[in-house]
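Next up, entry14.pdb (PDB, C-alpha atoms):
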ATOM      1  CA  GLY A   1     116.611 224.580 156.818
ATOM      2  CA  ALA A   2     115.875 221.194 155.222
ATOM      3  CA  VAL A   3     112.366 221.891 154.032
ATOM      4  CA  VAL A   4     110.603 219.602 151.599
ATOM      5  CA  SER A   5     107.353 220.590 149.939
ATOM      6  CA  GLN A   6     104.770 218.605 148.040
ATOM      7  CA  HIS A   7     102.110 219.704 145.638
ATOM      8  CA  PRO A   8      99.207 219.235 145.586
ATOM      9  CA  SER A   9      98.370 218.465 149.190
ATOM     10  CA  ARG A  10      95.132 216.834 148.174
ATOM     11  CA  VAL A  11      93.715 215.648 144.887
ATOM     12  CA  ILE A  12      90.476 213.973 143.902
ATOM     13  CA  CYS A  13      90.250 212.489 140.440
ATOM     14  CA  LYS A  14      88.123 210.174 138.367
ATOM     15  CA  SER A  15      89.135 206.604 137.679
ATOM     16  CA  GLY A  16      91.312 206.328 134.584
ATOM     17  CA  THR A  17      92.927 209.735 134.819
ATOM     18  CA  SER A  18      96.585 210.443 135.575
ATOM     19  CA  VAL A  19      97.781 212.475 138.517
ATOM     20  CA  LYS A  20     101.161 214.155 138.961
ATOM     21  CA  ILE A  21     102.611 214.867 142.388
ATOM     22  CA  GLU A  22     105.597 217.155 142.827
ATOM     23  CA  CYS A  23     108.226 216.929 145.543
ATOM     24  CA  ARG A  24     110.648 219.808 146.015
ATOM     25  CA  SER A  25     113.574 220.372 148.335
ATOM     26  CA  LEU A  26     113.335 224.092 149.034
ATOM     27  CA  ASP A  27     116.637 224.942 150.679
ATOM     28  CA  PHE A  28     119.005 222.154 149.735
ATOM     29  CA  GLN A  29     119.916 220.020 146.771
ATOM     30  CA  ALA A  30     118.772 216.433 147.006
ATOM     31  CA  THR A  31     120.530 213.932 144.794
ATOM     32  CA  THR A  32     118.215 211.239 146.125
ATOM     33  CA  MET A  33     114.516 211.394 146.858
ATOM     34  CA  PHE A  34     112.247 208.620 148.035
ATOM     35  CA  TRP A  35     108.556 208.008 147.425
ATOM     36  CA  TYR A  36     106.337 206.279 149.962
ATOM     37  CA  ARG A  37     102.684 205.459 150.256
ATOM     38  CA  GLN A  38     100.860 205.085 153.520
ATOM     39  CA  PHE A  39      97.475 203.515 154.151
ATOM     40  CA  PRO A  40      95.415 204.526 157.220
ATOM     41  CA  LYS A  41      97.019 203.409 160.465
ATOM     42  CA  GLN A  42      99.840 201.718 158.563
ATOM     43  CA  SER A  43     103.498 202.526 158.355
ATOM     44  CA  LEU A  44     105.329 203.973 155.396
ATOM     45  CA  MET A  45     105.816 201.687 152.437
ATOM     46  CA  LEU A  46     108.771 202.582 150.236
ATOM     47  CA  MET A  47     107.751 202.630 146.589
ATOM     48  CA  ALA A  48     110.884 203.798 144.847
ATOM     49  CA  THR A  49     114.207 205.559 145.161
ATOM     50  CA  SER A  50     114.747 208.432 142.784
ATOM     51  CA  ASN A  51     118.213 209.628 141.836
ATOM     52  CA  GLU A  52     118.739 212.839 139.919
ATOM     53  CA  GLY A  53     119.462 212.202 136.269
ATOM     54  CA  SER A  54     118.904 208.459 136.338
ATOM     55  CA  LYS A  55     116.070 205.963 136.340
ATOM     56  CA  ALA A  56     114.261 205.325 139.573
ATOM     57  CA  THR A  57     114.708 202.080 141.457
ATOM     58  CA  TYR A  58     111.378 200.508 142.299
ATOM     59  CA  GLU A  59     110.621 198.225 145.204
ATOM     60  CA  GLN A  60     109.364 194.749 144.545
ATOM     61  CA  GLY A  61     105.688 194.723 143.709
ATOM     62  CA  VAL A  62     105.511 198.363 142.611
ATOM     63  CA  GLU A  63     104.537 198.746 138.963
ATOM     64  CA  LYS A  64     106.989 201.096 137.299
ATOM     65  CA  ASP A  65     104.662 201.704 134.362
ATOM     66  CA  LYS A  66     101.902 202.768 136.691
ATOM     67  CA  PHE A  67     103.956 204.933 139.024
ATOM     68  CA  LEU A  68     106.208 207.032 136.824
ATOM     69  CA  ILE A  69     108.982 208.845 138.629
ATOM     70  CA  ASN A  70     111.086 211.618 137.185
ATOM     71  CA  HIS A  71     113.943 213.335 139.013
ATOM     72  CA  ALA A  72     114.961 215.949 136.500
ATOM     73  CA  SER A  73     116.753 218.341 138.828
ATOM     74  CA  LEU A  74     118.447 218.379 142.219
ATOM     75  CA  THR A  75     115.400 219.987 143.781
ATOM     76  CA  LEU A  76     112.455 218.339 142.046
ATOM     77  CA  SER A  77     111.109 214.826 141.735
ATOM     78  CA  THR A  78     107.684 213.965 140.362
ATOM     79  CA  LEU A  79     105.467 210.931 140.789
ATOM     80  CA  THR A  80     102.788 210.348 138.180
ATOM     81  CA  VAL A  81     100.065 207.851 138.943
ATOM     82  CA  THR A  82      98.873 206.752 135.525
ATOM     83  CA  SER A  83      95.358 205.500 134.872
ATOM     84  CA  ALA A  84      94.499 205.808 138.528
ATOM     85  CA  HIS A  85      91.965 203.455 140.080
ATOM     86  CA  PRO A  86      90.213 203.532 143.458
ATOM     87  CA  GLU A  87      92.756 201.104 144.920
ATOM     88  CA  ASP A  88      95.451 203.716 144.269
ATOM     89  CA  SER A  89      93.772 206.022 146.777
ATOM     90  CA  SER A  90      96.334 206.588 149.495
ATOM     91  CA  PHE A  91      98.605 209.092 151.185
ATOM     92  CA  TYR A  92     101.763 209.620 149.126
ATOM     93  CA  ILE A  93     104.804 211.086 150.838
ATOM     94  CA  CYS A  94     108.218 211.953 149.511
ATOM     95  CA  SER A  95     111.465 212.386 151.398
ATOM     96  CA  ALA A  96     114.776 213.882 150.408
ATOM     97  CA  SER A  97     118.232 212.911 151.511
ATOM     98  CA  HIS A  98     120.280 215.917 152.638
ATOM     99  CA  PRO A  99     123.839 215.157 151.508
ATOM    100  CA  GLY A 100     125.183 218.362 152.999
ATOM    101  CA  GLN A 101     124.814 216.860 156.438
ATOM    102  CA  GLY A 102     127.145 214.027 155.539
ATOM    103  CA  ASP A 103     124.802 211.298 156.644
ATOM    104  CA  ASN A 104     121.531 209.634 155.809
ATOM    105  CA  THR A 105     119.186 212.130 157.418
ATOM    106  CA  GLN A 106     116.000 212.288 155.381
ATOM    107  CA  TYR A 107     113.388 214.987 155.466
ATOM    108  CA  PHE A 108     109.788 214.409 154.535
ATOM    109  CA  GLY A 109     107.277 216.428 152.637
ATOM    110  CA  PRO A 110     103.802 217.059 154.057
ATOM    111  CA  GLY A 111     102.224 214.368 151.892
ATOM    112  CA  THR A 112      99.595 214.255 149.165
ATOM    113  CA  ARG A 113      96.251 212.621 149.755
ATOM    114  CA  LEU A 114      94.968 211.021 146.578
ATOM    115  CA  THR A 115      91.347 209.977 146.275
ATOM    116  CA  VAL A 116      90.289 208.185 143.105
ATOM    117  CA  LEU A 117      86.558 208.023 142.523
TER     118      LEU A 117
ATOM    119  CA  GLN B   1     111.497 188.002 161.662
ATOM    120  CA  LYS B   2     110.879 191.522 160.441
ATOM    121  CA  GLU B   3     113.843 193.833 160.170
ATOM    122  CA  VAL B   4     112.329 196.395 162.525
ATOM    123  CA  GLU B   5     109.737 195.682 165.206
ATOM    124  CA  GLN B   6     107.794 198.416 166.944
ATOM    125  CA  ASP B   7     104.807 198.021 169.249
ATOM    126  CA  PRO B   8     101.932 199.919 167.588
ATOM    127  CA  GLY B   9     100.216 200.706 170.882
ATOM    128  CA  PRO B  10      98.096 202.706 171.376
ATOM    129  CA  LEU B  11      99.836 204.156 174.382
ATOM    130  CA  SER B  12      97.836 206.478 176.647
ATOM    131  CA  VAL B  13      99.487 208.514 179.401
ATOM    132  CA  PRO B  14      98.545 211.507 181.553
ATOM    133  CA  GLU B  15     100.166 214.869 181.006
ATOM    134  CA  GLY B  16     103.559 215.085 182.674
ATOM    135  CA  ALA B  17     104.328 211.379 182.416
ATOM    136  CA  ILE B  18     107.582 209.962 181.109
ATOM    137  CA  VAL B  19     107.016 208.027 177.899
ATOM    138  CA  SER B  20     109.203 205.233 176.614
ATOM    139  CA  LEU B  21     108.956 204.173 172.981
ATOM    140  CA  ASN B  22     110.968 201.244 171.711
ATOM    141  CA  CYS B  23     112.098 199.423 168.599
ATOM    142  CA  THR B  24     114.114 196.299 168.043
ATOM    143  CA  TYR B  25     115.934 195.370 164.884
ATOM    144  CA  SER B  26     117.643 192.344 163.461
ATOM    145  CA  ASN B  27     120.122 193.730 160.928
ATOM    146  CA  SER B  28     123.471 194.384 162.577
ATOM    147  CA  ALA B  29     124.521 196.443 159.529
ATOM    148  CA  PHE B  30     122.249 199.296 160.600
ATOM    149  CA  GLN B  31     124.363 202.245 161.622
ATOM    150  CA  TYR B  32     121.957 205.157 161.665
ATOM    151  CA  PHE B  33     118.917 205.532 163.848
ATOM    152  CA  MET B  34     116.177 208.103 163.711
ATOM    153  CA  TRP B  35     112.896 208.961 165.340
ATOM    154  CA  TYR B  36     110.124 210.729 163.487
ATOM    155  CA  ARG B  37     106.855 212.138 164.770
ATOM    156  CA  GLN B  38     103.817 212.053 162.538
ATOM    157  CA  TYR B  39     100.609 213.888 163.209
ATOM    158  CA  SER B  40      97.456 212.660 161.555
ATOM    159  CA  ARG B  41      97.374 213.370 157.821
ATOM    160  CA  LYS B  42     100.808 214.997 157.873
ATOM    161  CA  GLY B  43     104.270 213.981 156.743
ATOM    162  CA  PRO B  44     106.737 212.613 159.326
ATOM    163  CA  GLU B  45     108.811 215.206 161.160
ATOM    164  CA  LEU B  46     112.369 214.367 162.145
ATOM    165  CA  LEU B  47     112.834 214.449 165.919
ATOM    166  CA  MET B  48     116.254 212.981 166.521
ATOM    167  CA  TYR B  49     118.979 211.005 164.864
ATOM    168  CA  THR B  50     122.020 209.215 166.179
ATOM    169  CA  TYR B  51     124.589 206.717 165.004
ATOM    170  CA  SER B  52     126.329 205.643 168.162
ATOM    171  CA  SER B  53     125.369 203.567 171.133
ATOM    172  CA  GLY B  54     124.406 205.521 174.194
ATOM    173  CA  ASN B  55     122.118 208.438 174.881
ATOM    174  CA  LYS B  56     121.485 211.647 172.985
ATOM    175  CA  GLU B  57     119.386 214.342 174.557
ATOM    176  CA  ASP B  58     117.467 217.200 172.976
ATOM    177  CA  GLY B  59     115.170 219.112 175.277
ATOM    178  CA  ARG B  60     112.493 216.774 176.581
ATOM    179  CA  PHE B  61     113.558 213.995 174.221
ATOM    180  CA  THR B  62     116.280 211.409 174.748
ATOM    181  CA  ALA B  63     117.238 208.848 172.129
ATOM    182  CA  GLN B  64     118.971 205.727 173.323
ATOM    183  CA  VAL B  65     120.706 203.109 171.212
ATOM    184  CA  ASP B  66     122.019 199.744 172.355
ATOM    185  CA  LYS B  67     123.678 198.129 169.357
ATOM    186  CA  SER B  68     124.673 195.023 171.277
ATOM    187  CA  SER B  69     121.020 194.290 172.006
ATOM    188  CA  LYS B  70     119.758 195.783 168.726
ATOM    189  CA  TYR B  71     117.368 197.966 170.658
ATOM    190  CA  ILE B  72     116.571 201.662 170.423
ATOM    191  CA  SER B  73     114.360 203.841 172.571
ATOM    192  CA  LEU B  74     112.922 207.314 172.634
ATOM    193  CA  PHE B  75     112.093 208.844 175.997
ATOM    194  CA  ILE B  76     109.801 211.834 176.325
ATOM    195  CA  ARG B  77     109.896 213.687 179.624
ATOM    196  CA  ASP B  78     107.091 215.869 180.930
ATOM    197  CA  SER B  79     104.802 214.722 178.149
ATOM    198  CA  GLN B  80     102.313 217.250 176.791
ATOM    199  CA  PRO B  81      99.005 216.840 174.949
ATOM    200  CA  SER B  82     100.786 218.266 171.898
ATOM    201  CA  ASP B  83     103.017 215.173 171.939
ATOM    202  CA  SER B  84      99.999 213.073 170.947
ATOM    203  CA  ALA B  85     101.024 211.619 167.598
ATOM    204  CA  THR B  86     102.443 208.518 165.986
ATOM    205  CA  TYR B  87     106.152 207.963 166.552
ATOM    206  CA  LEU B  88     108.136 206.102 163.928
ATOM    207  CA  CYS B  89     111.568 204.656 164.405
ATOM    208  CA  ALA B  90     113.736 204.427 161.301
ATOM    209  CA  MET B  91     117.145 202.981 160.692
ATOM    210  CA  GLY B  92     119.579 202.151 157.960
ATOM    211  CA  LEU B  93     123.056 202.784 156.715
ATOM    212  CA  ARG B  94     124.773 206.048 157.453
ATOM    213  CA  GLN B  95     125.531 206.604 153.769
ATOM    214  CA  ALA B  96     123.427 209.402 152.338
ATOM    215  CA  GLY B  97     120.859 208.377 149.780
ATOM    216  CA  THR B  98     120.237 204.844 150.991
ATOM    217  CA  ALA B  99     116.777 203.668 151.951
ATOM    218  CA  LEU B 100     115.622 203.632 155.546
ATOM    219  CA  ILE B 101     113.631 200.880 157.191
ATOM    220  CA  PHE B 102     110.723 202.097 159.271
ATOM    221  CA  GLY B 103     108.898 200.610 162.201
ATOM    222  CA  LYS B 104     105.115 200.497 162.048
ATOM    223  CA  GLY B 105     104.843 203.403 164.466
ATOM    224  CA  THR B 106     103.514 203.749 168.015
ATOM    225  CA  THR B 107     100.444 205.892 168.543
ATOM    226  CA  LEU B 108     100.742 208.018 171.675
ATOM    227  CA  SER B 109      97.926 209.884 173.379
ATOM    228  CA  VAL B 110      98.692 212.315 176.195
ATOM    229  CA  SER B 111      95.666 213.439 178.161
ATOM    230  CA  SER B 112      95.462 216.719 180.058
TER     231      SER B 112
END
As structure tokens:
Amino acid sequence: GAVVSQHPSRVICKSGTSVKIECRSLDFQATTMFWYRQFPKQSLMLMATSNEGSKATYEQGVEKDKFLINHASLTLSTLTVTSAHPEDSSFYICSASHPGQGDNTQYFGPGTRLTVL
Amino acid sequence: QKEVEQDPGPLSVPEGAIVSLNCTYSNSAFQYFMWYRQYSRKGPELLMYTYSSGNKEDGRFTAQVDKSSKYISLFIRDSQPSDSATYLCAMGLRQAGTALIFGKGTTLSVSS
């Protein structure tokens, strides 16, 4: 149990286009999902916390108008990178909090590698 | 001082060695401690979690927490080449849905 999927696993796009990344909890309901980005050989950087049915909470320095997050259901959160530029190229990973376990255990998706040309 | 400090390594050991990975933290409010393993270009995989001081064992892995010293460790016994990965410590509140703080990760290489 506790499987989180992400789609797509890899995307290459042209500068100026928008890209949507989906994060799904497959076998549990996640009231909270988190979005991270990770640069090569760096740790995870939390971008935002996404709660089902409410607006996401963004970390300092993360542009909310550029990284649109929607958590419309208990099993799906989406991250849209709007007007992507080469500096947005990174590895984006989501995680989901599994409330059924009664603690703060978080499970990660496999990640999405975004390359902006 | 950063909230969580983790030596990035790299750490290279021969197959069969005992590996010790460590993190220190400064926030005494942290109640929940986890270790994740991340292979290159993959998402982190949960290895172990604990919320009490002392040791917790799972197969070849032992997680140790010393809250008085604000120090956590992960021990890997009989290390295998398949253990070669980056190991991330993470910690935070026990309450579900709150953000975790991650260490930078230690890169481990086990040679056969």
Identify all residues satisfying the PyMOL selection byres ((chain B) within 10 of (chain A)) in the given file; provide them as a ChimeraX atom specification. /B:8,31-34,36,38,40-46,48-51,86,88,91-107
Can you work out the spacing between CA of Ser84 (chain B) and CA of Phe39 (chain A) in Å, to one decimal?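 Atom-to-atom, CA of Ser84 (chain B) and CA of Phe39 (chain A) are spaced 19.5 Å apart.
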Quick check on the file I pasted: which residues fall under the PyMOL selection byres ((chain B and resi 68) around 12)? Write them as a list in words.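 Going through the file, the PyMOL selection byres ((chain B and resi 68) around 12) ends up selecting Thr24, Tyr25, Ser26, Asn27, Ser28, Ala29, Phe30, Ser52, Ser53, Gly54, Val65, Asp66, Lys67, Ser69, Lys70, Tyr71 and Ile72 of chain B.
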Report, in Å with one decimal, the straight-line distance from CA of Ala72 (chain A) to CA of Lys20 (chain A).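 Those two atoms sit 14.1 Å apart.
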Step by step, work through what the PyMOL selection byres ((chain B and resi 16) around 9) selects in the shown file, and finish by giving those residues as an MDAnalysis selection string. chainID B and resid 13:15 17:18 77:80 110 112
Store the residues picked out above, limited to C-alpha atoms, as a CSV table (one decimal), keeping the file's coordinate frame.
chain,number,residue,atom,x,y,z
B,13,VAL,CA,99.5,208.5,179.4
B,14,PRO,CA,98.5,211.5,181.6
B,15,GLU,CA,100.2,214.9,181.0
B,17,ALA,CA,104.3,211.4,182.4
B,18,ILE,CA,107.6,210.0,181.1
B,77,ARG,CA,109.9,213.7,179.6
B,78,ASP,CA,107.1,215.9,180.9
B,79,SER,CA,104.8,214.7,178.1
B,80,GLN,CA,102.3,217.2,176.8
B,110,VAL,CA,98.7,212.3,176.2
B,112,SER,CA,95.5,216.7,180.1
Can you pull out the residues contacting Ile76 (chain B)? Cut-off 8 Å, using only C-alpha atoms, and skip same-chain residues under 3 positions away; I want them as an MDAnalysis selection string. chainID B and resid 18:20 60:62 79
Just want the 8 Å neighbourhood of Thr80 (chain A), counted on all atoms listed in the file, with same-chain residues fewer than 2 positions away dropped. Output as an mmCIF file with C-alpha atoms, in the frame of the given file.
data_model
loop_
_atom_site.group_PDB
_atom_site.id
_atom_site.type_symbol
_atom_site.label_atom_id
_atom_site.label_comp_id
_atom_site.auth_asym_id
_atom_site.auth_seq_id
_atom_site.Cartn_x
_atom_site.Cartn_y
_atom_site.Cartn_z
ATOM 1 C CA SER A 18 96.585 210.443 135.575
ATOM 2 C CA VAL A 19 97.781 212.475 138.517
ATOM 3 C CA LYS A 20 101.161 214.155 138.961
ATOM 4 C CA ILE A 21 102.611 214.867 142.388
ATOM 5 C CA LYS A 66 101.902 202.768 136.691
ATOM 6 C CA PHE A 67 103.956 204.933 139.024
ATOM 7 C CA LEU A 68 106.208 207.032 136.824
ATOM 8 C CA ILE A 69 108.982 208.845 138.629
ATOM 9 C CA THR A 78 107.684 213.965 140.362
ATOM 10 C CA THR A 82 98.873 206.752 135.525
#
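From CA of Leu76 (chain A) back to CA of Arg24 (chain A), the distance works out to 4.6 Å.
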If we draw a sphere of 6 Å around (93.6, 205.4, 137.8), which residues have at least one atom in it when counting all atoms listed in the file? Please report them as a ChimeraX atom specification. /A:15-17,82-85
